[in-house]
$ cat structure-v3.tsv   # TSV, C-alpha atoms and all ligand atoms
chain	number	residue	atom	x	y	z
A	660	MET	CA	23.22	-4.05	-12.18
A	661	LYS	CA	22.24	-2.01	-9.16
A	662	HIS	CA	22.07	-3.33	-5.67
A	663	ILE	CA	19.32	-2.84	-3.18
A	664	ARG	CA	20.77	-2.49	0.25
A	665	THR	CA	19.76	-5.05	2.79
A	666	PRO	CA	19.85	-2.63	5.71
A	667	HIS	CA	20.82	-5.05	8.45
A	668	ARG	CA	22.99	-7.26	6.31
A	669	ALA	CA	25.25	-4.71	4.74
A	670	ALA	CA	28.13	-7.18	4.90
A	671	ALA	CA	26.39	-9.51	2.47
A	672	LEU	CA	26.15	-6.84	-0.20
A	673	GLY	CA	29.45	-7.38	-1.90
A	674	ILE	CA	28.74	-11.01	-2.55
A	675	CYS	CA	25.00	-11.02	-2.98
A	676	ALA	CA	23.90	-9.54	-6.27
A	677	LEU	CA	20.44	-8.07	-6.30
A	678	ALA	CA	19.15	-10.48	-8.91
A	679	ALA	CA	20.40	-13.47	-6.97
A	680	THR	CA	17.76	-15.47	-5.21
A	681	VAL	CA	18.18	-16.49	-1.63
A	682	LEU	CA	19.78	-19.82	-2.37
A	683	ALA	CA	22.16	-18.47	-4.94
A	684	CYS	CA	23.33	-15.88	-2.48
A	685	SER	CA	26.60	-16.74	-0.77
A	686	THR	CA	25.54	-16.41	2.82
A	687	ASN	CA	25.47	-19.02	5.52
A	688	ARG	CA	21.75	-18.61	6.03
A	689	GLN	CA	19.51	-21.64	6.02
A	690	PRO	CA	17.41	-22.21	2.92
A	691	VAL	CA	14.06	-20.43	3.11
A	692	ALA	CA	11.94	-23.56	3.36
A	693	ASP	CA	13.70	-24.73	6.52
A	694	VAL	CA	13.48	-21.33	8.11
A	695	ALA	CA	9.80	-21.08	7.30
A	696	ALA	CA	8.99	-24.52	8.69
A	697	THR	CA	10.72	-23.96	11.99
A	698	ALA	CA	10.66	-20.23	12.73
A	699	PRO	CA	8.65	-19.68	15.90
A	700	VAL	CA	6.44	-16.60	15.87
A	701	ALA	CA	7.81	-13.94	18.22
A	702	GLU	CA	5.39	-13.08	21.02
A	703	PRO	CA	3.58	-9.73	21.00
A	704	ILE	CA	5.42	-7.10	23.00
A	705	ALA	CA	4.24	-4.86	25.81
A	706	VAL	CA	4.30	-1.20	24.82
A	707	ASP	CA	3.42	1.78	26.99
A	708	GLY	CA	1.66	4.35	24.83
A	709	ALA	CA	1.77	4.49	21.04
A	710	VAL	CA	3.61	1.75	19.17
A	711	TYR	CA	4.63	4.47	16.70
A	712	ASP	CA	6.63	6.21	19.46
A	713	PHE	CA	8.13	2.94	20.66
A	714	ALA	CA	9.19	2.09	17.07
A	715	ALA	CA	11.54	5.09	17.06
A	716	THR	CA	13.42	3.81	20.12
A	717	VAL	CA	14.59	0.49	18.65
A	718	PRO	CA	18.12	0.94	17.25
A	719	LEU	CA	18.43	0.15	13.53
A	720	THR	CA	21.22	0.90	11.08
A	721	PRO	CA	19.91	3.90	9.10
A	722	SER	CA	18.98	3.18	5.50
A	723	GLU	CA	17.60	5.20	2.62
A	724	PRO	CA	14.91	3.96	0.22
A	725	GLU	CA	15.86	2.87	-3.28
A	726	GLU	CA	14.08	4.39	-6.26
A	727	HIS	CA	13.95	2.30	-9.42
A	728	GLY	CA	12.03	3.90	-12.29
A	729	SER	CA	8.40	3.87	-11.24
A	730	LEU	CA	9.12	1.75	-8.15
A	731	HIS	CA	9.49	3.96	-5.09
A	732	ASN	CA	10.36	3.59	-1.42
A	733	VAL	CA	11.95	0.20	-2.07
A	734	PHE	CA	13.60	-1.54	0.89
A	735	ARG	CA	15.13	-4.97	0.77
A	736	LEU	CA	14.27	-5.95	4.32
A	737	SER	CA	15.81	-9.42	3.99
A	738	GLU	CA	16.78	-11.89	1.27
A	739	ASN	CA	13.16	-13.04	1.40
A	740	ILE	CA	11.21	-9.80	1.55
A	741	VAL	CA	11.31	-6.56	-0.42
A	742	SER	CA	8.86	-3.73	0.37
A	743	GLY	CA	7.97	-0.95	-2.05
A	744	SER	CA	5.37	0.90	-4.11
A	745	GLU	CA	2.95	-0.62	-6.59
A	746	PRO	CA	4.42	-1.91	-9.86
A	747	HIS	CA	1.99	-0.35	-12.30
A	748	ASP	CA	3.66	-0.92	-15.63
A	749	ALA	CA	5.48	-3.64	-17.52
A	750	ASP	CA	8.90	-2.11	-16.81
A	751	ALA	CA	8.31	-2.25	-13.08
A	752	LEU	CA	7.28	-5.92	-13.30
A	753	ARG	CA	10.36	-6.71	-15.35
A	754	GLN	CA	12.45	-5.02	-12.69
A	755	LEU	CA	10.94	-7.29	-10.03
A	756	LYS	CA	11.60	-10.29	-12.22
A	757	GLU	CA	15.20	-9.20	-12.59
A	758	TRP	CA	15.54	-9.03	-8.81
A	759	GLY	CA	14.48	-12.66	-8.62
A	760	ILE	CA	11.06	-12.01	-7.06
A	761	ARG	CA	8.79	-15.08	-7.27
A	762	THR	CA	5.67	-13.91	-5.48
A	763	ILE	CA	4.15	-10.42	-5.30
A	764	ILE	CA	1.77	-9.61	-2.48
A	765	SER	CA	-0.53	-6.60	-2.95
A	766	VAL	CA	-2.46	-5.24	0.01
A	767	ASP	CA	-3.81	-2.29	-1.98
A	768	GLY	CA	-7.45	-2.15	-3.02
A	769	SER	CA	-6.90	-1.82	-6.74
A	770	GLU	CA	-6.66	-4.72	-9.10
A	771	PRO	CA	-3.08	-5.94	-9.53
A	772	MET	CA	-1.48	-6.67	-12.93
A	773	ALA	CA	-1.71	-10.36	-12.13
A	774	GLU	CA	-1.74	-11.68	-15.70
A	775	GLU	CA	1.22	-9.59	-16.75
A	776	ALA	CA	3.14	-10.80	-13.71
A	777	ALA	CA	2.18	-14.42	-14.41
A	778	ALA	CA	3.47	-14.07	-17.97
A	779	LEU	CA	6.84	-13.23	-16.42
A	780	GLY	CA	6.65	-16.24	-14.11
A	781	MET	CA	5.70	-14.35	-10.96
A	782	ARG	CA	2.67	-15.13	-8.87
A	783	TYR	CA	0.40	-12.40	-7.49
A	784	VAL	CA	-1.57	-12.72	-4.28
A	785	HIS	CA	-4.05	-9.94	-3.51
A	786	VAL	CA	-5.09	-9.32	0.10
A	787	PRO	CA	-6.47	-5.76	0.30
A	788	ILE	CA	-6.21	-4.35	3.82
A	789	GLN	CA	-7.37	-1.11	5.37
A	790	TYR	CA	-5.37	1.64	6.98
A	791	LYS	CA	-7.06	1.12	10.33
A	792	GLY	CA	-5.46	-2.28	10.91
A	793	ILE	CA	-5.19	-5.88	9.73
A	794	THR	CA	-8.05	-8.29	10.50
A	795	SER	CA	-7.32	-11.82	11.68
A	796	ASP	CA	-8.46	-13.22	8.30
A	797	GLU	CA	-6.10	-10.89	6.50
A	798	LYS	CA	-3.24	-11.85	8.82
A	799	MET	CA	-3.94	-15.53	8.11
A	800	ARG	CA	-3.87	-14.95	4.36
A	801	ILE	CA	-0.71	-12.93	4.43
A	802	ALA	CA	1.08	-15.34	6.81
A	803	LYS	CA	-0.02	-18.37	4.77
A	804	THR	CA	1.26	-16.78	1.58
A	805	PHE	CA	4.66	-16.08	3.10
A	806	ARG	CA	4.92	-19.59	4.50
A	807	GLU	CA	3.58	-21.61	1.61
A	808	LEU	CA	4.43	-19.79	-1.62
A	809	GLU	CA	7.82	-19.31	-3.10
A	810	GLY	CA	9.98	-16.29	-2.24
A	811	PRO	CA	11.57	-13.89	-2.53
A	812	PHE	CA	8.46	-11.76	-2.04
A	813	TYR	CA	7.77	-8.22	-3.18
A	814	VAL	CA	5.16	-6.65	-0.91
A	815	HIS	CA	3.33	-3.49	-1.90
A	816	CYS	CA	0.35	-1.22	-1.37
A	817	PHE	CA	0.09	1.96	-3.44
A	818	HIS	CA	2.87	4.21	-2.15
A	819	GLY	CA	4.68	1.46	-0.27
A	820	LYS	CA	4.64	3.43	2.95
A	821	HIS	CA	1.90	2.26	5.27
A	822	ARG	CA	-0.12	-0.87	4.51
A	823	GLY	CA	2.54	-2.62	2.39
A	824	PRO	CA	5.25	-2.27	5.04
A	825	ALA	CA	2.80	-3.60	7.67
A	826	ALA	CA	2.19	-6.68	5.51
A	827	ALA	CA	5.93	-7.02	4.94
A	828	ALA	CA	6.35	-6.87	8.73
A	829	VAL	CA	4.04	-9.89	9.05
A	830	GLY	CA	6.45	-11.71	6.75
A	831	ARG	CA	9.46	-10.52	8.70
A	832	VAL	CA	7.97	-12.06	11.84
A	833	VAL	CA	6.45	-15.30	10.46
A	834	LEU	CA	9.00	-16.07	7.74
A	835	ASP	CA	12.22	-14.39	8.83
A	836	GLY	CA	11.57	-14.98	12.53
A	837	ILE	CA	12.48	-11.49	13.76
A	838	GLY	CA	11.10	-9.86	16.90
A	839	ARG	CA	8.07	-7.60	16.88
A	840	ASP	CA	10.18	-4.68	18.12
A	841	ARG	CA	12.43	-4.81	15.11
A	842	ALA	CA	9.47	-5.33	12.75
A	843	VAL	CA	7.73	-2.13	13.85
A	844	ALA	CA	11.03	-0.25	13.89
A	845	GLU	CA	11.50	-1.13	10.21
A	846	MET	CA	8.00	0.13	9.42
A	847	ARG	CA	8.73	3.47	11.00
A	848	GLN	CA	12.45	4.04	10.52
A	849	TYR	CA	12.82	2.54	7.04
A	850	CYS	CA	9.48	2.58	5.23
A	851	GLY	CA	8.06	5.69	6.89
A	852	THR	CA	4.70	4.32	8.05
A	853	ALA	CA	2.88	7.35	9.45
A	854	LYS	CA	1.80	8.08	13.00
A	855	SER	CA	-1.85	8.20	11.95
A	856	TYR	CA	-1.81	4.47	11.13
A	857	GLU	CA	-1.31	3.28	14.69
A	858	GLY	CA	-3.69	0.38	13.95
A	859	LEU	CA	-1.13	-1.04	11.53
A	860	TYR	CA	1.60	-0.70	14.14
A	861	GLN	CA	-0.58	-2.38	16.75
A	862	ALA	CA	-1.34	-5.29	14.44
A	863	ILE	CA	2.38	-6.05	14.27
A	864	ALA	CA	3.46	-5.25	17.84
A	865	LEU	CA	0.53	-6.21	20.03
A	866	GLN	CA	-1.73	-8.69	18.27
A	867	ASP	CA	-1.60	-12.43	17.63
A	868	LEU	CA	0.02	-13.63	14.45
A	869	PRO	CA	-0.84	-17.18	13.38
A	870	ASP	CA	1.68	-19.97	13.95
A	871	SER	CA	2.45	-22.29	11.05
A	872	ALA	CA	-0.07	-24.94	12.15
A	873	ALA	CA	-2.84	-22.33	12.15
A	874	SER	CA	-2.00	-20.91	8.73
A	875	ALA	CA	-1.58	-24.44	7.31
A	876	ALA	CA	-5.10	-25.30	8.47
A	877	TYR	CA	-6.56	-22.07	7.08
A	878	GLU	CA	-8.22	-22.29	3.67
A	879	PHE	CA	-7.11	-19.70	1.18
A	880	GLY	CA	-6.75	-20.07	-2.58
A	881	PHE	CA	-4.07	-17.36	-2.92
A	882	ASP	CA	-6.40	-15.28	-5.13
A	883	PRO	CA	-4.50	-13.06	-7.56
A	884	VAL	CA	-7.36	-10.53	-7.64
A	885	SER	CA	-9.83	-9.65	-4.90
A	886	ARG	CA	-12.36	-6.92	-5.63
A	887	PRO	CA	-13.45	-4.94	-2.61
A	888	LYS	CA	-17.15	-4.20	-2.70
A	889	GLY	CA	-19.31	-1.40	-1.41
A	890	ILE	CA	-17.97	1.78	0.09
A	891	VAL	CA	-14.43	0.44	0.49
A	892	GLY	CA	-14.35	-0.34	-3.22
A	893	THR	CA	-15.36	3.18	-4.24
A	894	MET	CA	-13.07	4.77	-1.62
A	895	VAL	CA	-10.10	2.91	-3.06
A	896	HIS	CA	-10.72	4.60	-6.41
A	897	ILE	CA	-11.52	7.93	-4.81
A	898	SER	CA	-8.30	7.88	-2.84
A	899	ARG	CA	-6.18	7.08	-5.89
A	900	ALA	CA	-7.67	9.90	-7.91
A	901	HIS	CA	-7.26	12.16	-4.88
A	902	ASP	CA	-3.56	11.23	-4.47
A	903	HIS	CA	-2.86	11.91	-8.13
A	904	LEU	CA	-4.67	15.23	-7.94
A	905	VAL	CA	-2.65	16.31	-4.90
A	906	ASP	CA	0.53	15.82	-6.94
A	907	LEU	CA	-0.93	17.43	-10.04
A	908	ALA	CA	-2.37	20.46	-8.22
A	909	ALA	CA	1.14	21.18	-6.93
A	910	ARG	CA	2.26	21.28	-10.57
A	911	ASP	CA	-0.55	23.62	-11.65
A	912	PHE	CA	-2.26	20.58	-13.20
A	913	ALA	CA	0.52	19.97	-15.75
A	914	ALA	CA	1.35	16.30	-16.30
A	915	ASP	CA	4.18	14.88	-14.22
A	916	PRO	CA	6.93	13.63	-16.56
A	917	LEU	CA	7.32	10.64	-14.23
A	918	HIS	CA	3.64	9.71	-14.75
A	919	PRO	CA	2.78	11.12	-18.17
A	920	ASP	CA	-0.31	8.89	-18.41
A	921	VAL	CA	-1.95	10.52	-15.36
A	922	ASP	CA	-4.12	13.42	-16.45
A	923	ALA	CA	-5.73	15.91	-14.06
A	924	LEU	CA	-9.06	16.19	-15.86
A	925	ASN	CA	-9.30	12.44	-16.15
A	926	GLU	CA	-8.56	11.99	-12.44
A	927	ALA	CA	-11.14	14.62	-11.54
A	928	LYS	CA	-13.72	12.71	-13.59
A	929	LYS	CA	-12.82	9.49	-11.76
A	930	LEU	CA	-13.30	11.30	-8.47
A	931	LEU	CA	-16.72	12.48	-9.55
A	932	THR	CA	-17.80	9.11	-10.96
A	933	ASN	CA	-16.80	7.31	-7.79
A	934	PHE	CA	-18.48	9.80	-5.47
A	935	ARG	CA	-21.62	9.33	-7.56
A	936	SER	CA	-21.30	5.53	-7.31
A	937	SER	CA	-20.89	5.80	-3.54
A	938	MET	CA	-24.22	7.61	-3.37
A	939	MET	CA	-25.87	4.74	-5.24
A	940	LEU	CA	-24.89	2.23	-2.54
A	941	GLU	CA	-27.88	1.16	-0.49
A	942	ASP	CA	-26.24	1.56	2.94
A	943	ILE	CA	-25.00	5.04	2.01
A	944	LYS	CA	-28.29	6.24	0.51
A	945	THR	CA	-30.10	5.23	3.67
A	946	GLY	CA	-27.25	6.15	6.01
A	947	PRO	CA	-26.88	9.04	8.47
A	948	SER	CA	-28.06	12.37	7.04
A	949	ASP	CA	-24.83	14.27	7.66
A	950	GLN	CA	-22.94	11.59	5.74
A	951	VAL	CA	-25.40	11.86	2.83
A	952	GLU	CA	-24.94	15.63	2.89
A	953	TRP	CA	-21.14	15.31	2.76
A	954	PHE	CA	-21.40	12.98	-0.21
A	955	HIS	CA	-23.61	15.57	-1.92
A	956	SER	CA	-21.08	18.32	-1.35
A	957	SER	CA	-18.24	16.03	-2.50
A	958	ILE	CA	-20.16	15.47	-5.70
A	959	SER	CA	-20.82	19.15	-6.32
A	960	ASP	CA	-17.22	20.10	-5.49
A	961	SER	CA	-15.97	17.41	-7.87
A	962	GLU	CA	-18.32	18.75	-10.55
A	963	ARG	CA	-16.86	22.22	-10.00
A	964	LEU	CA	-13.37	20.75	-10.26
A	965	VAL	CA	-14.14	18.98	-13.55
A	966	ALA	CA	-15.74	22.13	-15.00
A	967	ALA	CA	-12.81	24.33	-13.96
A	968	LEU	CA	-10.24	21.92	-15.38
A	969	GLU	CA	-12.16	21.80	-18.66
A	970	LYS	CA	-12.05	25.60	-18.84
A	971	PHE	CA	-8.37	25.62	-17.91
A	972	ARG	CA	-7.67	23.02	-20.59
A	973	ALA	CA	-9.46	25.28	-23.08
A	974	GLY	CA	-7.04	28.11	-22.28
A	975	ASN	CA	-8.77	30.00	-19.49
A	976	GLN	CA	-5.86	30.67	-17.10
A	977	ALA	CA	-8.07	32.03	-14.30
A	978	ALA	CA	-9.81	28.64	-14.09
A	979	LYS	CA	-6.68	27.20	-12.52
A	980	ASP	CA	-7.41	28.91	-9.19
A	981	GLU	CA	-11.02	27.89	-9.43
A	982	ALA	CA	-9.89	24.29	-9.83
A	983	LYS	CA	-7.57	24.58	-6.84
A	984	ALA	CA	-10.34	26.02	-4.70
A	985	ALA	CA	-12.75	23.26	-5.74
A	986	PHE	CA	-10.17	20.59	-4.99
A	987	ALA	CA	-9.46	22.16	-1.59
A	988	SER	CA	-13.16	21.80	-0.72
A	989	VAL	CA	-13.16	18.19	-1.90
A	990	LYS	CA	-10.21	17.47	0.38
A	991	LYS	CA	-11.77	19.20	3.32
A	992	THR	CA	-14.84	17.00	3.08
A	993	CYS	CA	-12.74	13.80	2.96
A	994	ALA	CA	-11.42	14.71	6.39
A	995	THR	CA	-14.76	15.88	7.77
A	996	CYS	CA	-16.58	12.70	6.81
A	997	HIS	CA	-13.73	10.42	7.91
A	998	ASP	CA	-13.60	12.06	11.34
A	999	SER	CA	-17.11	10.76	11.95
A	1000	TYR	CA	-17.41	7.68	9.77
A	1001	ARG	CA	-14.12	5.97	9.39
A	1002	ASN	CA	-12.32	4.29	12.24
B	1	LIG	C1	-19.24	11.35	3.04
B	1	LIG	C2	-18.27	10.50	3.63
B	1	LIG	C3	-16.93	10.31	2.98
B	1	LIG	C4	-16.24	11.16	2.18
B	1	LIG	C5	-16.64	12.54	1.69
B	1	LIG	C6	-15.01	10.50	1.87
B	1	LIG	N1	-14.96	9.29	2.46
B	1	LIG	FE1	-13.41	7.97	2.37
B	1	LIG	N2	-14.42	6.67	3.54
B	1	LIG	C7	-15.68	6.88	4.05
B	1	LIG	C8	-16.06	5.75	4.83
B	1	LIG	C9	-17.40	5.57	5.55
B	1	LIG	C10	-14.98	4.85	4.81
B	1	LIG	C11	-14.83	3.54	5.57
B	1	LIG	C12	-15.24	2.33	4.86
B	1	LIG	C13	-15.03	1.16	5.80
B	1	LIG	O1	-13.95	1.07	6.43
B	1	LIG	O2	-15.93	0.37	5.90
B	1	LIG	C14	-13.97	5.47	3.98
B	1	LIG	C15	-12.76	4.88	3.68
B	1	LIG	C16	-11.78	5.48	2.95
B	1	LIG	C17	-10.51	4.87	2.65
B	1	LIG	C18	-10.05	3.49	3.09
B	1	LIG	C19	-10.38	2.48	2.00
B	1	LIG	C20	-9.89	1.10	2.37
B	1	LIG	O3	-9.07	0.53	1.63
B	1	LIG	O4	-10.31	0.62	3.41
B	1	LIG	C21	-9.80	5.77	1.93
B	1	LIG	C22	-8.39	5.59	1.41
B	1	LIG	C23	-10.63	6.93	1.72
B	1	LIG	N3	-11.83	6.71	2.36
B	1	LIG	C24	-10.26	8.05	1.01
B	1	LIG	C25	-11.07	9.16	0.82
B	1	LIG	C26	-10.67	10.38	0.15
B	1	LIG	C27	-9.29	10.62	-0.41
B	1	LIG	C28	-11.73	11.20	0.17
B	1	LIG	C29	-11.85	12.57	-0.42
B	1	LIG	C30	-11.40	12.79	-1.75
B	1	LIG	C31	-12.80	10.51	0.86
B	1	LIG	N4	-12.36	9.29	1.25
B	1	LIG	C32	-14.04	11.08	1.07
B	1	LIG	C33	-16.46	7.98	3.87
B	1	LIG	C34	-16.10	9.12	3.14

$ encode --input "structure-v3.tsv" --output "structure tokens" --more "lines below"
Ligand code: HEC
Amino acid sequence: MKHIRTPHRAAALGICALAATVLACSTNRQPVADVAATAPVAEPIAVDGAVYDFAATVPLTPSEPEEHGSLHNVFRLSENIVSGSEPHDADALRQLKEWGIRTIISVDGSEPMAEEAAALGMRYVHVPIQYKGITSDEKMRIAKTFRELEGPFYVHCFHGKHRGPAAAAVGRVVLDGIGRDRAVAEMRQYCGTAKSYEGLYQAIALQDLPDSAASAAYEFGFDPVSRPKGIVGTMVHISRAHDHLVDLAARDFAADPLHPDVDALNEAKKLLTNFRSSMMLEDIKTGPSDQVEWFHSSISDSERLVAALEKFRAGNQAAKDEAKAAFASVKKTCATCHDSYRN
């Protein structure tokens, strides 16, 4: 049995096996329920300049991420809360079960493996959030889940680096009762939340988080699956296919042994299909003309990418560079459009 390090509780490691739940763990900590009922929510902090910069100044014991099969960037932030990447196969879910996880919170856009998790006795709660920040509704849902469902919690987005750690930070504040300074420091120094997601940092450092009376009064059915609609829904799929293709392009489009089921041609087709679906959305079709134009070029670049990968698959070696060039144009347009139309 491997251990996950609890960065700030290294002393507990020898006696607290990874699979042990909070109560079974020989520490003198209060049981979770008492902590949750009484923990006051730390006040927002005053920060001059970027919270990202501030987060580097808070002293934390250094800690490296744990990698467990297909689970990456795993940090056991406390006995209650583990942050990491998306569990996307049965082995990963079994691993979480083995660690004693009772509730999994996904803040990614894609549909979680809720039924498979339920079959193992774990509950899934799906609260997709965006990279630009966490809305007050989303904060309510996340806080309510931490306070009212059973831990320990595994909190994830896709890579477990940006949105997931921000949601875990909500739990660190409302469930574990830590200060906002420490919560943002963990996002940056442990999980690696990037500078470009300042909105996530601000949500944790500067904005209100609901107290327990507010989250108790808030109605939320702890939905195991929430399907984002419209442009956000298609972008979630586009960004997944894009992320896979970035990895695959670096491997000359050969399958990654770690993800043998992810195929470059298939991902390119998903990219194309989802760009086409975006263009079918009413508010996109009738939207600003430069945006429409960028969607058109994304579609034609994705078509070029699919065609080149088909040729490459058929043995045409030169098509590899064609595919790389087409994918480079696709990527360029993501950034161009986002600069104007995504906040
Ligand atoms: C022509 C415009 C356009 C292009 C091209 C485009 N996007 Fe987007 N994207 C948007 C808009 C608009 C949003 C914001 C939706 C919102 O927040 O309401 C968005 C949002 C996103 C999001 C956030 C989704 C979420 O969960 O909130 C991701 C991730 C994303 N895009 C990835 C990509 C990637 C990767 C590419 C290129 C492969 C790409 N986009 C190309 C317009 C575009």

$ axis_aligned_box --input "structure-v3.tsv" --around "stretch 777-782 of chain A" --padding-each-side "4 Å" --output "lines of an AutoDock Vina configuration file"
center_x = 4.5
center_y = -14.7
center_z = -13.4
size_x = 12.7
size_y = 11.0
size_z = 17.1

$ residues_around --input "structure-v3.tsv" --residues "stretch 965-982 of chain A" --least-positions-apart "5" --cutoff "12 Å" --atoms "all atoms listed in the file" --output "PyMOL selection string"
chain A and resi 904-905+907-913+922-932+958-960+987-989

$ residues_near_ligand --input "structure-v3.tsv" --ligand "ligand LIG 1 (chain B)" --cutoff "7 Å" --atoms "all atoms listed in the file" --output "ChimeraX atom specification"
/A:767-768,787-790,890-891,894-895,897-898,901,950-951,953-954,957,989-990,992-994,996-997,1000-1002

$ atom_distance --input "structure-v3.tsv" --atom1 "atom CA of A:Pro916" --atom2 "atom CA of A:Lys991"
27.9 Å

$ atom_distance --input "structure-v3.tsv" --atom1 "atom CA of A:Asp902" --atom2 "atom CA of A:Asp949"
24.7 Å

$ decode --input "structure-v3.tsv" --residues "stretch 791-804 of chain A" --atoms "N, CA, C and O atoms" --output "PDB file, in the first residue's frame"
ATOM      1  N   LYS A 791     -12.438  31.069 -15.822  1.00  0.00           N
ATOM      2  CA  LYS A 791     -12.362  32.503 -15.507  1.00  0.00           C
ATOM      3  C   LYS A 791     -12.730  32.797 -14.057  1.00  0.00           C
ATOM      4  O   LYS A 791     -12.501  33.903 -13.578  1.00  0.00           O
ATOM      5  N   GLY A 792     -13.317  31.835 -13.347  1.00  0.00           N
ATOM      6  CA  GLY A 792     -13.664  32.079 -11.955  1.00  0.00           C
ATOM      7  C   GLY A 792     -14.749  31.131 -11.483  1.00  0.00           C
ATOM      8  O   GLY A 792     -15.123  30.211 -12.203  1.00  0.00           O
ATOM      9  N   ILE A 793     -15.248  31.344 -10.273  1.00  0.00           N
ATOM     10  CA  ILE A 793     -16.301  30.491  -9.729  1.00  0.00           C
ATOM     11  C   ILE A 793     -17.474  31.395  -9.386  1.00  0.00           C
ATOM     12  O   ILE A 793     -17.314  32.356  -8.629  1.00  0.00           O
ATOM     13  N   THR A 794     -18.655  31.132  -9.961  1.00  0.00           N
ATOM     14  CA  THR A 794     -19.816  31.985  -9.697  1.00  0.00           C
ATOM     15  C   THR A 794     -20.333  31.729  -8.279  1.00  0.00           C
ATOM     16  O   THR A 794     -19.997  30.714  -7.649  1.00  0.00           O
ATOM     17  N   SER A 795     -21.212  32.617  -7.794  1.00  0.00           N
ATOM     18  CA  SER A 795     -21.681  32.414  -6.419  1.00  0.00           C
ATOM     19  C   SER A 795     -22.529  31.151  -6.313  1.00  0.00           C
ATOM     20  O   SER A 795     -22.481  30.452  -5.300  1.00  0.00           O
ATOM     21  N   ASP A 796     -23.299  30.833  -7.356  1.00  0.00           N
ATOM     22  CA  ASP A 796     -24.053  29.566  -7.349  1.00  0.00           C
ATOM     23  C   ASP A 796     -23.125  28.361  -7.245  1.00  0.00           C
ATOM     24  O   ASP A 796     -23.378  27.421  -6.506  1.00  0.00           O
ATOM     25  N   GLU A 797     -22.067  28.414  -8.036  1.00  0.00           N
ATOM     26  CA  GLU A 797     -21.121  27.288  -8.020  1.00  0.00           C
ATOM     27  C   GLU A 797     -20.449  27.167  -6.650  1.00  0.00           C
ATOM     28  O   GLU A 797     -20.260  26.060  -6.134  1.00  0.00           O
ATOM     29  N   LYS A 798     -20.109  28.313  -6.053  1.00  0.00           N
ATOM     30  CA  LYS A 798     -19.492  28.274  -4.721  1.00  0.00           C
ATOM     31  C   LYS A 798     -20.448  27.660  -3.703  1.00  0.00           C
ATOM     32  O   LYS A 798     -20.049  26.865  -2.856  1.00  0.00           O
ATOM     33  N   MET A 799     -21.739  28.031  -3.813  1.00  0.00           N
ATOM     34  CA  MET A 799     -22.759  27.464  -2.921  1.00  0.00           C
ATOM     35  C   MET A 799     -22.796  25.941  -3.061  1.00  0.00           C
ATOM     36  O   MET A 799     -22.841  25.213  -2.074  1.00  0.00           O
ATOM     37  N   ARG A 800     -22.833  25.487  -4.307  1.00  0.00           N
ATOM     38  CA  ARG A 800     -22.960  24.041  -4.540  1.00  0.00           C
ATOM     39  C   ARG A 800     -21.756  23.295  -4.008  1.00  0.00           C
ATOM     40  O   ARG A 800     -21.888  22.227  -3.388  1.00  0.00           O
ATOM     41  N   ILE A 801     -20.607  23.841  -4.279  1.00  0.00           N
ATOM     42  CA  ILE A 801     -19.378  23.169  -3.839  1.00  0.00           C
ATOM     43  C   ILE A 801     -19.303  23.179  -2.308  1.00  0.00           C
ATOM     44  O   ILE A 801     -19.045  22.148  -1.675  1.00  0.00           O
ATOM     45  N   ALA A 802     -19.589  24.329  -1.702  1.00  0.00           N
ATOM     46  CA  ALA A 802     -19.514  24.438  -0.232  1.00  0.00           C
ATOM     47  C   ALA A 802     -20.541  23.511   0.419  1.00  0.00           C
ATOM     48  O   ALA A 802     -20.257  22.818   1.399  1.00  0.00           O
ATOM     49  N   LYS A 803     -21.744  23.478  -0.152  1.00  0.00           N
ATOM     50  CA  LYS A 803     -22.804  22.630   0.419  1.00  0.00           C
ATOM     51  C   LYS A 803     -22.399  21.160   0.342  1.00  0.00           C
ATOM     52  O   LYS A 803     -22.633  20.392   1.271  1.00  0.00           O
ATOM     53  N   THR A 804     -21.804  20.779  -0.765  1.00  0.00           N
ATOM     54  CA  THR A 804     -21.372  19.390  -0.919  1.00  0.00           C
ATOM     55  C   THR A 804     -20.341  19.029   0.145  1.00  0.00           C
ATOM     56  O   THR A 804     -20.454  17.997   0.816  1.00  0.00           O
TER      57      THR A 804
END
